[in-house]
file query-v3.tsv (TSV, C-alpha atoms)
chain	number	residue	atom	x	y	z
A	1	MET	CA	-123.65	108.95	-149.66
A	2	GLN	CA	-125.51	105.69	-149.51
A	3	ALA	CA	-122.26	103.78	-149.15
A	4	ARG	CA	-121.31	106.03	-146.31
A	5	MET	CA	-124.58	105.38	-144.57
A	6	VAL	CA	-124.10	101.67	-144.98
A	7	ALA	CA	-120.63	101.92	-143.45
A	8	MET	CA	-121.99	103.86	-140.53
A	9	GLU	CA	-124.69	101.29	-140.00
A	10	GLU	CA	-122.12	98.51	-140.06
A	11	GLY	CA	-119.94	100.36	-137.53
A	12	LYS	CA	-122.99	100.91	-135.38
A	13	ASP	CA	-123.78	97.22	-135.46
A	14	GLN	CA	-120.18	96.32	-134.47
A	15	ALA	CA	-120.22	98.74	-131.50
A	16	SER	CA	-123.53	97.32	-130.41
A	17	ALA	CA	-122.14	93.79	-130.56
A	18	ILE	CA	-119.10	94.79	-128.49
A	19	ARG	CA	-121.31	96.45	-125.87
A	20	THR	CA	-123.52	93.36	-125.77
A	21	SER	CA	-120.46	91.11	-125.29
A	22	ILE	CA	-119.05	93.29	-122.49
A	23	SER	CA	-122.43	93.46	-120.75
A	24	ARG	CA	-122.61	89.64	-120.79
A	25	THR	CA	-119.00	89.16	-119.54
A	26	LEU	CA	-119.25	91.55	-116.60
A	27	PRO	CA	-122.19	89.84	-114.81
A	28	LEU	CA	-120.45	86.45	-115.18
A	29	ARG	CA	-117.23	87.72	-113.55
A	30	LEU	CA	-119.22	89.50	-110.89
A	31	LEU	CA	-121.15	86.31	-110.22
A	32	LEU	CA	-117.91	84.28	-109.89
A	33	PHE	CA	-116.42	86.90	-107.58
A	34	CYS	CA	-119.53	86.91	-105.37
A	35	LEU	CA	-119.57	83.12	-105.28
A	36	LEU	CA	-115.89	82.99	-104.22
A	37	PHE	CA	-116.52	85.62	-101.56
A	38	ALA	CA	-119.52	83.65	-100.26
A	39	VAL	CA	-117.42	80.45	-100.01
A	40	LEU	CA	-114.69	82.27	-98.10
A	41	ALA	CA	-117.25	83.90	-95.81
A	42	ILE	CA	-118.89	80.56	-95.03
A	43	GLY	CA	-115.48	78.93	-94.37
A	44	LEU	CA	-114.43	81.71	-92.00
A	45	SER	CA	-117.79	81.50	-90.24
A	46	ILE	CA	-117.35	77.75	-89.65
A	47	ILE	CA	-113.80	78.24	-88.34
A	48	CYS	CA	-114.91	81.03	-86.01
A	49	MET	CA	-117.86	78.98	-84.77
A	50	TYR	CA	-115.69	75.95	-83.83
A	51	SER	CA	-112.98	78.12	-82.32
A	52	LEU	CA	-115.54	79.86	-80.14
A	53	ARG	CA	-117.09	76.54	-79.16
A	54	PHE	CA	-113.68	75.10	-78.21
A	55	PHE	CA	-112.86	78.19	-76.14
A	56	ILE	CA	-116.17	77.99	-74.28
A	57	LEU	CA	-115.67	74.27	-73.57
A	58	GLN	CA	-112.19	74.91	-72.23
A	59	GLN	CA	-113.64	77.48	-69.85
A	60	THR	CA	-116.60	75.42	-68.67
A	61	VAL	CA	-115.30	71.81	-68.42
A	62	ALA	CA	-114.01	70.86	-64.94
A	63	PRO	CA	-110.22	70.57	-64.75
A	64	SER	CA	-108.73	67.05	-64.98
A	65	THR	CA	-108.10	65.25	-61.70
A	66	PHE	CA	-105.04	63.50	-63.14
A	67	ARG	CA	-101.79	64.45	-61.55
A	68	PRO	CA	-98.41	63.11	-62.67
A	69	TRP	CA	-96.62	60.89	-60.16
A	70	PHE	CA	-93.68	63.25	-60.18
A	71	GLU	CA	-94.28	66.93	-60.87
A	72	GLU	CA	-92.44	68.25	-63.89
A	73	VAL	CA	-89.64	70.24	-62.33
A	74	HIS	CA	-86.68	71.16	-64.48
A	75	THR	CA	-84.08	70.56	-61.78
A	76	ILE	CA	-82.34	67.58	-60.19
A	77	GLU	CA	-85.20	67.54	-57.67
A	78	ARG	CA	-87.35	65.84	-60.29
A	79	TRP	CA	-85.15	62.74	-60.09
A	80	ILE	CA	-84.26	62.59	-56.42
A	81	ARG	CA	-87.45	63.65	-54.69
A	82	PRO	CA	-89.56	60.64	-53.61
A	83	PRO	CA	-93.29	60.58	-54.37
A	84	THR	CA	-95.28	62.65	-51.89
A	85	ASN	CA	-98.19	60.25	-52.29
A	86	LEU	CA	-97.47	56.50	-52.24
A	87	TRP	CA	-100.82	55.70	-53.83
A	88	HIS	CA	-100.58	55.20	-57.60
A	89	SER	CA	-102.34	53.37	-60.42
A	90	ILE	CA	-99.44	51.66	-62.21
A	91	ASN	CA	-99.48	47.86	-62.33
A	92	ASP	CA	-96.82	45.53	-60.91
A	93	ASN	CA	-94.95	45.10	-64.21
A	94	GLU	CA	-94.69	48.86	-64.66
A	95	LEU	CA	-93.69	49.31	-61.03
A	96	LEU	CA	-90.92	46.69	-61.13
A	97	TRP	CA	-89.62	48.12	-64.39
A	98	ARG	CA	-89.52	51.67	-63.02
A	99	ALA	CA	-87.93	50.57	-59.75
A	100	SER	CA	-85.14	48.71	-61.55
A	101	PHE	CA	-83.53	51.93	-62.87
A	102	VAL	CA	-79.90	52.11	-61.73
A	103	PRO	CA	-77.61	55.13	-62.19
A	104	LYS	CA	-74.36	54.17	-63.92
A	105	ILE	CA	-72.37	56.98	-62.31
A	106	LYS	CA	-71.79	55.96	-58.72
A	107	GLN	CA	-71.08	59.44	-57.33
A	108	TYR	CA	-74.25	61.37	-56.52
A	109	PRO	CA	-74.40	65.00	-57.73
A	110	PHE	CA	-76.22	66.01	-54.54
A	111	LEU	CA	-75.93	65.50	-50.81
A	112	ARG	CA	-77.50	62.08	-50.32
A	113	VAL	CA	-78.45	61.00	-46.80
A	114	PRO	CA	-78.77	57.18	-46.87
A	115	LYS	CA	-82.03	55.99	-45.34
A	116	ILE	CA	-83.46	52.74	-44.02
A	117	ALA	CA	-86.77	51.68	-45.58
A	118	PHE	CA	-88.96	49.97	-42.97
A	119	MET	CA	-91.41	47.78	-44.88
A	120	PHE	CA	-94.40	46.40	-42.99
A	121	LEU	CA	-96.21	43.40	-44.45
A	122	THR	CA	-99.56	43.29	-42.65
A	123	LYS	CA	-103.12	42.05	-42.92
A	124	GLY	CA	-104.61	45.33	-41.74
A	125	PRO	CA	-103.88	47.70	-38.87
A	126	LEU	CA	-100.62	48.00	-36.97
A	127	PRO	CA	-101.64	47.56	-33.32
A	128	LEU	CA	-98.09	48.36	-32.14
A	129	ALA	CA	-97.90	51.60	-34.17
A	130	PRO	CA	-97.60	53.86	-31.06
A	131	LEU	CA	-94.41	52.04	-30.07
A	132	TRP	CA	-92.99	52.43	-33.57
A	133	ASP	CA	-94.01	56.10	-33.65
A	134	ARG	CA	-91.91	56.68	-30.56
A	135	PHE	CA	-89.04	54.76	-32.17
A	136	PHE	CA	-89.16	56.85	-35.38
A	137	LYS	CA	-89.65	60.24	-33.71
A	138	GLY	CA	-86.80	62.62	-34.48
A	139	ASN	CA	-85.27	60.28	-37.06
A	140	GLU	CA	-87.45	61.08	-40.04
A	141	ARG	CA	-84.45	62.22	-42.10
A	142	HIS	CA	-82.93	58.74	-41.94
A	143	CYS	CA	-85.91	56.49	-42.58
A	144	SER	CA	-88.89	55.80	-44.82
A	145	ILE	CA	-91.98	53.75	-43.97
A	146	TYR	CA	-94.05	51.54	-46.30
A	147	VAL	CA	-97.11	49.45	-45.44
A	148	HIS	CA	-98.58	46.62	-47.54
A	149	ALA	CA	-101.99	45.67	-46.14
A	150	LEU	CA	-104.92	43.78	-47.65
A	151	PRO	CA	-106.56	45.76	-50.49
A	152	SER	CA	-109.80	46.12	-48.53
A	153	TYR	CA	-108.08	47.77	-45.56
A	154	ILE	CA	-108.29	51.56	-45.30
A	155	SER	CA	-105.83	52.98	-42.81
A	156	GLY	CA	-106.76	55.78	-40.47
A	157	TYR	CA	-103.50	56.80	-38.82
A	158	PRO	CA	-103.42	60.36	-37.48
A	159	GLN	CA	-101.34	62.95	-39.31
A	160	SER	CA	-98.86	62.92	-36.45
A	161	SER	CA	-98.13	59.21	-36.99
A	162	ALA	CA	-95.17	57.96	-39.02
A	163	PHE	CA	-97.65	55.63	-40.77
A	164	HIS	CA	-99.91	58.41	-42.02
A	165	ARG	CA	-100.46	57.95	-45.80
A	166	ARG	CA	-97.70	55.32	-46.02
A	167	GLN	CA	-99.88	52.50	-47.38
A	168	ILE	CA	-98.98	51.31	-50.89
A	169	PRO	CA	-101.34	49.79	-53.52
A	170	SER	CA	-101.59	46.10	-52.68
A	171	GLN	CA	-102.89	42.71	-53.80
A	172	MET	CA	-104.33	39.73	-51.95
A	173	VAL	CA	-101.73	37.67	-50.08
A	174	GLU	CA	-102.00	33.97	-49.20
A	175	TRP	CA	-99.76	32.50	-46.55
A	176	GLY	CA	-97.01	30.27	-47.94
A	177	LYS	CA	-97.77	31.06	-51.59
A	178	MET	CA	-96.00	33.17	-54.21
A	179	SER	CA	-98.39	36.06	-53.55
A	180	MET	CA	-96.45	36.53	-50.30
A	181	CYS	CA	-93.16	37.04	-52.17
A	182	GLU	CA	-94.94	39.22	-54.72
A	183	ALA	CA	-96.08	41.48	-51.88
A	184	GLU	CA	-92.50	41.67	-50.61
A	185	ARG	CA	-91.26	42.57	-54.10
A	186	ARG	CA	-94.00	45.20	-54.30
A	187	LEU	CA	-92.78	46.74	-51.04
A	188	LEU	CA	-89.18	46.73	-52.27
A	189	ALA	CA	-90.13	48.29	-55.60
A	190	ASN	CA	-92.07	51.13	-53.98
A	191	ALA	CA	-89.22	51.77	-51.56
A	192	LEU	CA	-86.66	51.77	-54.39
A	193	LEU	CA	-88.44	54.76	-55.96
A	194	ASP	CA	-86.83	56.85	-53.23
A	195	ILE	CA	-83.21	57.00	-54.36
A	196	SER	CA	-82.07	57.81	-50.81
A	197	ASN	CA	-83.25	54.45	-49.47
A	198	GLU	CA	-80.12	52.34	-49.08
A	199	TRP	CA	-81.25	49.51	-46.76
A	200	PHE	CA	-84.55	47.65	-46.73
A	201	ILE	CA	-86.02	45.80	-43.73
A	202	LEU	CA	-89.08	43.53	-43.92
A	203	LEU	CA	-91.24	43.51	-40.78
A	204	SER	CA	-94.71	42.37	-39.72
A	205	GLU	CA	-97.42	43.98	-37.61
A	206	SER	CA	-96.27	41.85	-34.66
A	207	CYS	CA	-92.61	43.00	-34.77
A	208	ILE	CA	-90.99	45.39	-32.31
A	209	PRO	CA	-87.56	47.11	-32.24
A	210	LEU	CA	-85.22	45.91	-29.49
A	211	TYR	CA	-83.00	49.02	-29.55
A	212	ASN	CA	-83.34	52.71	-30.27
A	213	PHE	CA	-83.04	54.08	-33.79
A	214	SER	CA	-79.41	55.20	-33.49
A	215	VAL	CA	-78.21	51.72	-32.51
A	216	ILE	CA	-80.12	50.06	-35.34
A	217	TYR	CA	-79.03	52.59	-37.97
A	218	HIS	CA	-75.41	52.30	-36.90
A	219	TYR	CA	-75.52	48.47	-36.94
A	220	ILE	CA	-77.09	48.21	-40.40
A	221	SER	CA	-75.25	51.05	-42.11
A	222	ARG	CA	-71.81	49.80	-41.04
A	223	SER	CA	-72.37	46.17	-41.91
A	224	ASN	CA	-70.52	44.65	-44.86
A	225	HIS	CA	-73.32	42.13	-45.35
A	226	SER	CA	-77.06	41.96	-45.86
A	227	PHE	CA	-79.00	39.96	-43.28
A	228	MET	CA	-80.73	37.24	-45.25
A	229	GLU	CA	-80.84	33.95	-43.39
A	230	SER	CA	-79.66	31.07	-45.59
A	231	TYR	CA	-78.85	27.50	-44.66
A	232	ASP	CA	-78.99	24.00	-46.07
A	233	ASP	CA	-81.58	21.93	-44.21
A	234	PRO	CA	-81.19	18.24	-45.15
A	235	GLY	CA	-84.49	17.27	-43.52
A	236	PRO	CA	-88.07	17.00	-44.85
A	237	TYR	CA	-88.76	20.71	-44.28
A	238	GLY	CA	-85.65	21.75	-46.22
A	239	ARG	CA	-84.35	19.56	-49.03
A	240	GLY	CA	-87.55	17.54	-48.71
A	241	ARG	CA	-89.42	20.46	-50.32
A	242	TYR	CA	-87.16	20.61	-53.37
A	243	ASP	CA	-88.62	19.69	-56.77
A	244	SER	CA	-86.12	18.42	-59.38
A	245	ARG	CA	-88.15	20.16	-62.09
A	246	MET	CA	-86.51	23.40	-60.91
A	247	GLU	CA	-83.30	22.33	-62.65
A	248	PRO	CA	-81.16	23.62	-64.27
A	249	GLU	CA	-81.86	27.04	-62.69
A	250	VAL	CA	-81.82	25.57	-59.15
A	251	THR	CA	-80.16	22.30	-58.21
A	252	LEU	CA	-80.65	20.37	-54.98
A	253	GLY	CA	-77.20	21.46	-53.79
A	254	GLN	CA	-78.18	25.12	-54.26
A	255	TRP	CA	-81.53	24.80	-52.45
A	256	ARG	CA	-81.64	26.94	-49.29
A	257	LYS	CA	-84.03	27.77	-46.47
A	258	GLY	CA	-84.26	30.87	-44.29
A	259	SER	CA	-86.42	33.28	-42.34
A	260	GLN	CA	-88.93	35.37	-44.26
A	261	TRP	CA	-87.84	38.50	-42.35
A	262	PHE	CA	-84.77	40.01	-43.96
A	263	GLU	CA	-82.65	43.12	-44.44
A	264	VAL	CA	-80.97	43.79	-47.81
A	265	ASN	CA	-79.04	46.67	-49.29
A	266	ARG	CA	-80.10	48.56	-52.42
A	267	MET	CA	-78.16	46.38	-54.85
A	268	LEU	CA	-79.72	43.16	-53.56
A	269	ALA	CA	-83.17	44.75	-53.46
A	270	ILE	CA	-82.82	45.45	-57.18
A	271	ASN	CA	-81.66	41.86	-57.75
A	272	ILE	CA	-84.88	40.66	-56.11
A	273	ILE	CA	-87.32	42.88	-57.99
A	274	GLU	CA	-85.72	42.45	-61.43
A	275	ASP	CA	-85.56	38.65	-61.28
A	276	ASN	CA	-87.37	36.77	-64.04
A	277	LYS	CA	-85.10	33.72	-64.09
A	278	TYR	CA	-85.92	32.06	-60.76
A	279	TYR	CA	-89.39	33.52	-60.21
A	280	PRO	CA	-91.23	31.24	-62.72
A	281	LYS	CA	-89.58	28.11	-61.28
A	282	PHE	CA	-90.46	28.93	-57.68
A	283	LYS	CA	-93.98	29.97	-58.61
A	284	GLU	CA	-94.68	26.70	-60.41
A	285	PHE	CA	-92.75	24.17	-58.34
A	286	CYS	CA	-92.69	25.56	-54.78
A	287	GLN	CA	-96.26	25.43	-53.50
A	288	PRO	CA	-97.53	24.29	-50.09
A	289	ALA	CA	-96.17	22.20	-48.43
A	290	CYS	CA	-93.22	24.04	-49.95
A	291	TYR	CA	-93.50	27.53	-48.46
A	292	VAL	CA	-91.95	29.79	-51.07
A	293	ASP	CA	-91.28	32.74	-48.73
A	294	GLU	CA	-88.81	30.52	-46.85
A	295	HIS	CA	-86.89	29.51	-49.99
A	296	TYR	CA	-87.15	31.88	-52.97
A	297	PHE	CA	-85.07	34.94	-52.05
A	298	THR	CA	-82.57	33.09	-49.89
A	299	THR	CA	-81.86	30.48	-52.59
A	300	MET	CA	-81.60	33.04	-55.39
A	301	LEU	CA	-79.24	35.38	-53.50
A	302	THR	CA	-77.10	32.48	-52.26
A	303	ILE	CA	-76.60	31.47	-55.89
A	304	GLN	CA	-75.92	35.02	-57.06
A	305	VAL	CA	-74.02	36.77	-54.24
A	306	PRO	CA	-73.25	34.38	-51.36
A	307	HIS	CA	-70.33	36.55	-50.18
A	308	LEU	CA	-72.70	39.47	-49.50
A	309	LEU	CA	-74.98	37.57	-47.10
A	310	ALA	CA	-74.56	37.29	-43.34
A	311	ASN	CA	-76.64	34.08	-43.49
A	312	ARG	CA	-78.72	35.13	-40.49
A	313	THR	CA	-81.79	37.21	-39.73
A	314	LEU	CA	-81.99	40.29	-37.51
A	315	THR	CA	-85.46	39.32	-36.19
A	316	TRP	CA	-85.70	37.12	-33.11
A	317	THR	CA	-88.52	34.56	-32.94
A	318	ASP	CA	-89.31	31.71	-30.56
A	319	TRP	CA	-89.89	28.37	-32.28
A	320	SER	CA	-89.39	26.34	-29.11
A	321	ARG	CA	-93.08	25.50	-28.78
A	322	GLY	CA	-93.17	23.70	-32.14
A	323	GLY	CA	-95.79	23.99	-34.85
A	324	ALA	CA	-96.07	25.94	-38.09
A	325	HIS	CA	-95.97	29.32	-36.34
A	326	PRO	CA	-93.68	30.83	-33.69
A	327	ALA	CA	-94.85	31.71	-30.19
A	328	THR	CA	-96.91	34.85	-29.61
A	329	PHE	CA	-96.30	36.94	-26.49
A	330	GLY	CA	-98.92	39.02	-24.67
A	331	LYS	CA	-99.05	41.54	-21.86
A	332	ASP	CA	-98.36	38.94	-19.14
A	333	ASP	CA	-95.02	38.12	-20.76
A	334	MET	CA	-93.83	41.73	-20.87
A	335	THR	CA	-91.19	41.96	-18.13
A	336	GLU	CA	-87.58	43.07	-17.98
A	337	ALA	CA	-86.58	39.47	-17.30
A	338	PHE	CA	-88.29	38.33	-20.51
A	339	PHE	CA	-86.24	40.71	-22.63
A	340	GLN	CA	-83.08	39.99	-20.70
A	341	LYS	CA	-83.34	36.39	-21.88
A	342	ILE	CA	-83.51	37.65	-25.48
A	343	PHE	CA	-80.46	39.89	-25.05
A	344	GLU	CA	-78.35	37.32	-23.25
A	345	GLY	CA	-76.82	34.23	-24.75
A	346	GLN	CA	-76.55	35.61	-28.28
A	347	ALA	CA	-73.50	34.80	-30.35
A	348	CYS	CA	-72.91	35.56	-34.03
A	349	LEU	CA	-70.51	37.22	-36.45
A	350	TYR	CA	-70.64	40.89	-37.42
A	351	ASN	CA	-68.25	41.93	-40.20
A	352	GLY	CA	-66.31	38.74	-39.53
A	353	GLN	CA	-65.92	39.41	-35.79
A	354	PRO	CA	-67.74	37.65	-32.90
A	355	THR	CA	-70.47	39.70	-31.23
A	356	SER	CA	-73.30	39.23	-28.73
A	357	LEU	CA	-75.55	41.77	-30.48
A	358	CYS	CA	-77.32	39.60	-33.04
A	359	PHE	CA	-81.00	40.61	-33.12
A	360	LEU	CA	-82.37	44.13	-33.64
A	361	PHE	CA	-86.06	43.18	-33.80
A	362	ALA	CA	-88.33	40.57	-32.26
A	363	ARG	CA	-91.72	38.95	-32.92
A	364	LYS	CA	-94.51	37.91	-32.36
A	365	PHE	CA	-96.17	40.34	-29.95
A	366	ALA	CA	-99.92	40.49	-29.39
A	367	PRO	CA	-101.85	43.79	-29.50
A	368	ASN	CA	-102.46	43.66	-25.73
A	369	ALA	CA	-98.69	43.86	-25.18
A	370	LEU	CA	-98.64	47.50	-26.33
A	371	ASP	CA	-99.18	49.28	-23.00
A	372	PRO	CA	-96.52	47.34	-21.05
A	373	LEU	CA	-94.14	47.70	-24.01
A	374	LEU	CA	-94.57	51.49	-23.96
A	375	GLU	CA	-93.89	51.45	-20.25
A	376	LEU	CA	-90.77	49.29	-20.60
A	377	ALA	CA	-89.38	50.98	-23.72
A	378	PRO	CA	-87.34	53.82	-22.09
A	379	LYS	CA	-85.50	51.46	-19.75
A	380	VAL	CA	-85.28	48.28	-21.85
A	381	PHE	CA	-85.07	49.55	-25.44
A	382	GLY	CA	-83.61	53.02	-24.92
A	383	PHE	CA	-86.41	55.08	-26.46

call {"tool": "encode", "arguments": {"input": "query-v3.tsv", "output": "structure tokens"}}
result
Amino acid sequence: MQARMVAMEEGKDQASAIRTSISRTLPLRLLLFCLLFAVLAIGLSIICMYSLRFFILQQTVAPSTFRPWFEEVHTIERWIRPPTNLWHSINDNELLWRASFVPKIKQYPFLRVPKIAFMFLTKGPLPLAPLWDRFFKGNERHCSIYVHALPSYISGYPQSSAFHRRQIPSQMVEWGKMSMCEAERRLLANALLDISNEWFILLSESCIPLYNFSVIYHYISRSNHSFMESYDDPGPYGRGRYDSRMEPEVTLGQWRKGSQWFEVNRMLAINIIEDNKYYPKFKEFCQPACYVDEHYFTTMLTIQVPHLLANRTLTWTDWSRGGAHPATFGKDDMTEAFFQKIFEGQACLYNGQPTSLCFLFARKFAPNALDPLLELAPKVFGF
């Protein structure tokens, strides 16, 4: 009996020990479970808090003012549509690089209407703009306009004008220095962004058209040559400006001179803006009294593609009075007889054939010549 009691006591003690062990294990597991749950709850709370904060910020922050230069349109329009706004923030290196893109397939997969890019290199306003507006009217499908003025100039052309919002980002320009050619390359590069521009004409604020748009478009579009004046001047203002340090890229025999005012086709425009072979030489070794705008492009293109140049300019100027600048004509000069003298006595080659129609534009005309020019235009110029 006593042994049985002892056994019962021992069994009682074992059961008690098991219950004690279980009671100790359960709170520990419960504690671990609660701790894990708390960690997960805190993590989810942090994630929710930052997600909510991000959502609120997205709703309250003003939308970005940045707009891509070309809208993302998943059609051919993305590649062929010119920029609606000529003002951009890319630098010259980026601009020249972008403008140098050339399609390898020559056939266009869309109806391309070739256009003339009229590029105006000016100091500020275009006092003869009303005459040009009349010239461009009705021909918008066949032309593009670009204006390079001093950076400080803010244009104010009315919306009805062909020059409205046609000013490109510019840099300071100094007469006779490389900054002049850089401005011309900047104009070409901006114009090349419109893939429909096929011909490129450089003009100044004092230039006028001598014929209506149809005559000029027909003359340029059917020419086998680009109109870049190029000749070998053996005198002090030609070869006398050459620096032998330009060799071997440019030799004395290759040195050329020509008018700053030119017309080139798309291929030659790309040649000009992509050049990094001749540019450093002319920038370093052609400085006043070597006027680089009279030598750089004409020498380079004569070396590269002499057979594609007409070796004459389309812009008439009067150098008969002598000096560093051509004559300027004002309102008192504006008569039919004055322009008849310009039209008569011309002789040149067009597509290898003699012609008397040699100049399409003329300069320099003073601002006060505008009113008589507008009066003469229908009869004399045909517009």

call {"tool": "atom_distance", "arguments": {"input": "query-v3.tsv", "atom1": "CA of Thr302 in chain A", "atom2": "CA of Asp233 in chain A"}}
result
14.0 Å

call {"tool": "residues_around", "arguments": {"input": "query-v3.tsv", "residues": "Ile208 in chain A", "least_positions_apart": "2", "cutoff": "10 Å", "atoms": "all atoms listed in the file", "output": "PDB file with C-alpha atoms, in the coordinates of the input"}}
result
ATOM      1  CA  LEU A 128     -98.090  48.360 -32.140  1.00  0.00           C
ATOM      2  CA  ALA A 129     -97.900  51.600 -34.170  1.00  0.00           C
ATOM      3  CA  LEU A 131     -94.410  52.040 -30.070  1.00  0.00           C
ATOM      4  CA  TRP A 132     -92.990  52.430 -33.570  1.00  0.00           C
ATOM      5  CA  PHE A 135     -89.040  54.760 -32.170  1.00  0.00           C
ATOM      6  CA  LEU A 203     -91.240  43.510 -40.780  1.00  0.00           C
ATOM      7  CA  SER A 204     -94.710  42.370 -39.720  1.00  0.00           C
ATOM      8  CA  GLU A 205     -97.420  43.980 -37.610  1.00  0.00           C
ATOM      9  CA  SER A 206     -96.270  41.850 -34.660  1.00  0.00           C
ATOM     10  CA  LEU A 210     -85.220  45.910 -29.490  1.00  0.00           C
ATOM     11  CA  TYR A 211     -83.000  49.020 -29.550  1.00  0.00           C
ATOM     12  CA  THR A 315     -85.460  39.320 -36.190  1.00  0.00           C
ATOM     13  CA  TRP A 316     -85.700  37.120 -33.110  1.00  0.00           C
ATOM     14  CA  LEU A 360     -82.370  44.130 -33.640  1.00  0.00           C
ATOM     15  CA  PHE A 361     -86.060  43.180 -33.800  1.00  0.00           C
ATOM     16  CA  ALA A 362     -88.330  40.570 -32.260  1.00  0.00           C
ATOM     17  CA  ARG A 363     -91.720  38.950 -32.920  1.00  0.00           C
ATOM     18  CA  LYS A 364     -94.510  37.910 -32.360  1.00  0.00           C
ATOM     19  CA  PHE A 365     -96.170  40.340 -29.950  1.00  0.00           C
ATOM     20  CA  LEU A 370     -98.640  47.500 -26.330  1.00  0.00           C
ATOM     21  CA  LEU A 373     -94.140  47.700 -24.010  1.00  0.00           C
ATOM     22  CA  PHE A 381     -85.070  49.550 -25.440  1.00  0.00           C
TER      23      PHE A 381
END

call {"tool": "residues_around", "arguments": {"input": "query-v3.tsv", "residues": "His325 in chain A", "least_positions_apart": "5", "cutoff": "12 Å", "atoms": "all atoms listed in the file", "output": "PDB file with C-alpha atoms, keeping the file's coordinate frame"}}
result
ATOM      1  CA  TRP A 175     -99.760  32.500 -46.550  1.00  0.00           C
ATOM      2  CA  GLY A 176     -97.010  30.270 -47.940  1.00  0.00           C
ATOM      3  CA  SER A 259     -86.420  33.280 -42.340  1.00  0.00           C
ATOM      4  CA  THR A 317     -88.520  34.560 -32.940  1.00  0.00           C
ATOM      5  CA  ASP A 318     -89.310  31.710 -30.560  1.00  0.00           C
ATOM      6  CA  TRP A 319     -89.890  28.370 -32.280  1.00  0.00           C
ATOM      7  CA  SER A 320     -89.390  26.340 -29.110  1.00  0.00           C
ATOM      8  CA  ARG A 363     -91.720  38.950 -32.920  1.00  0.00           C
ATOM      9  CA  LYS A 364     -94.510  37.910 -32.360  1.00  0.00           C
TER      10      LYS A 364
END

call {"tool": "residues_near_point", "arguments": {"input": "query-v3.tsv", "point": "(-77.7, 35.4, -46.2)", "cutoff": "8 Å", "atoms": "only C-alpha atoms", "output": "PyMOL selection string"}}
result
chain A and resi 226-230+298+301-302+306+308-313

call {"tool": "atom_distance", "arguments": {"input": "query-v3.tsv", "atom1": "CA of Ala289 in chain A", "atom2": "CA of Glu174 in chain A"}}
result
13.2 Å

call {"tool": "atom_distance", "arguments": {"input": "query-v3.tsv", "atom1": "CA of Leu192 in chain A", "atom2": "CA of Leu95 in chain A"}}
result
10.0 Å

call {"tool": "closest_residue", "arguments": {"input": "query-v3.tsv", "among": "A:Phe262, A:Thr84, A:Arg222, A:Pro151", "to": "Phe118 in chain A", "atoms": "all atoms listed in the file"}}
result
A:Phe262

call {"tool": "closest_residue", "arguments": {"input": "query-v3.tsv", "among": "A:Trp199, A:Trp79, A:Tyr278, A:Phe285", "to": "Gln304 in chain A", "atoms": "all atoms listed in the file"}}
result
A:Tyr278
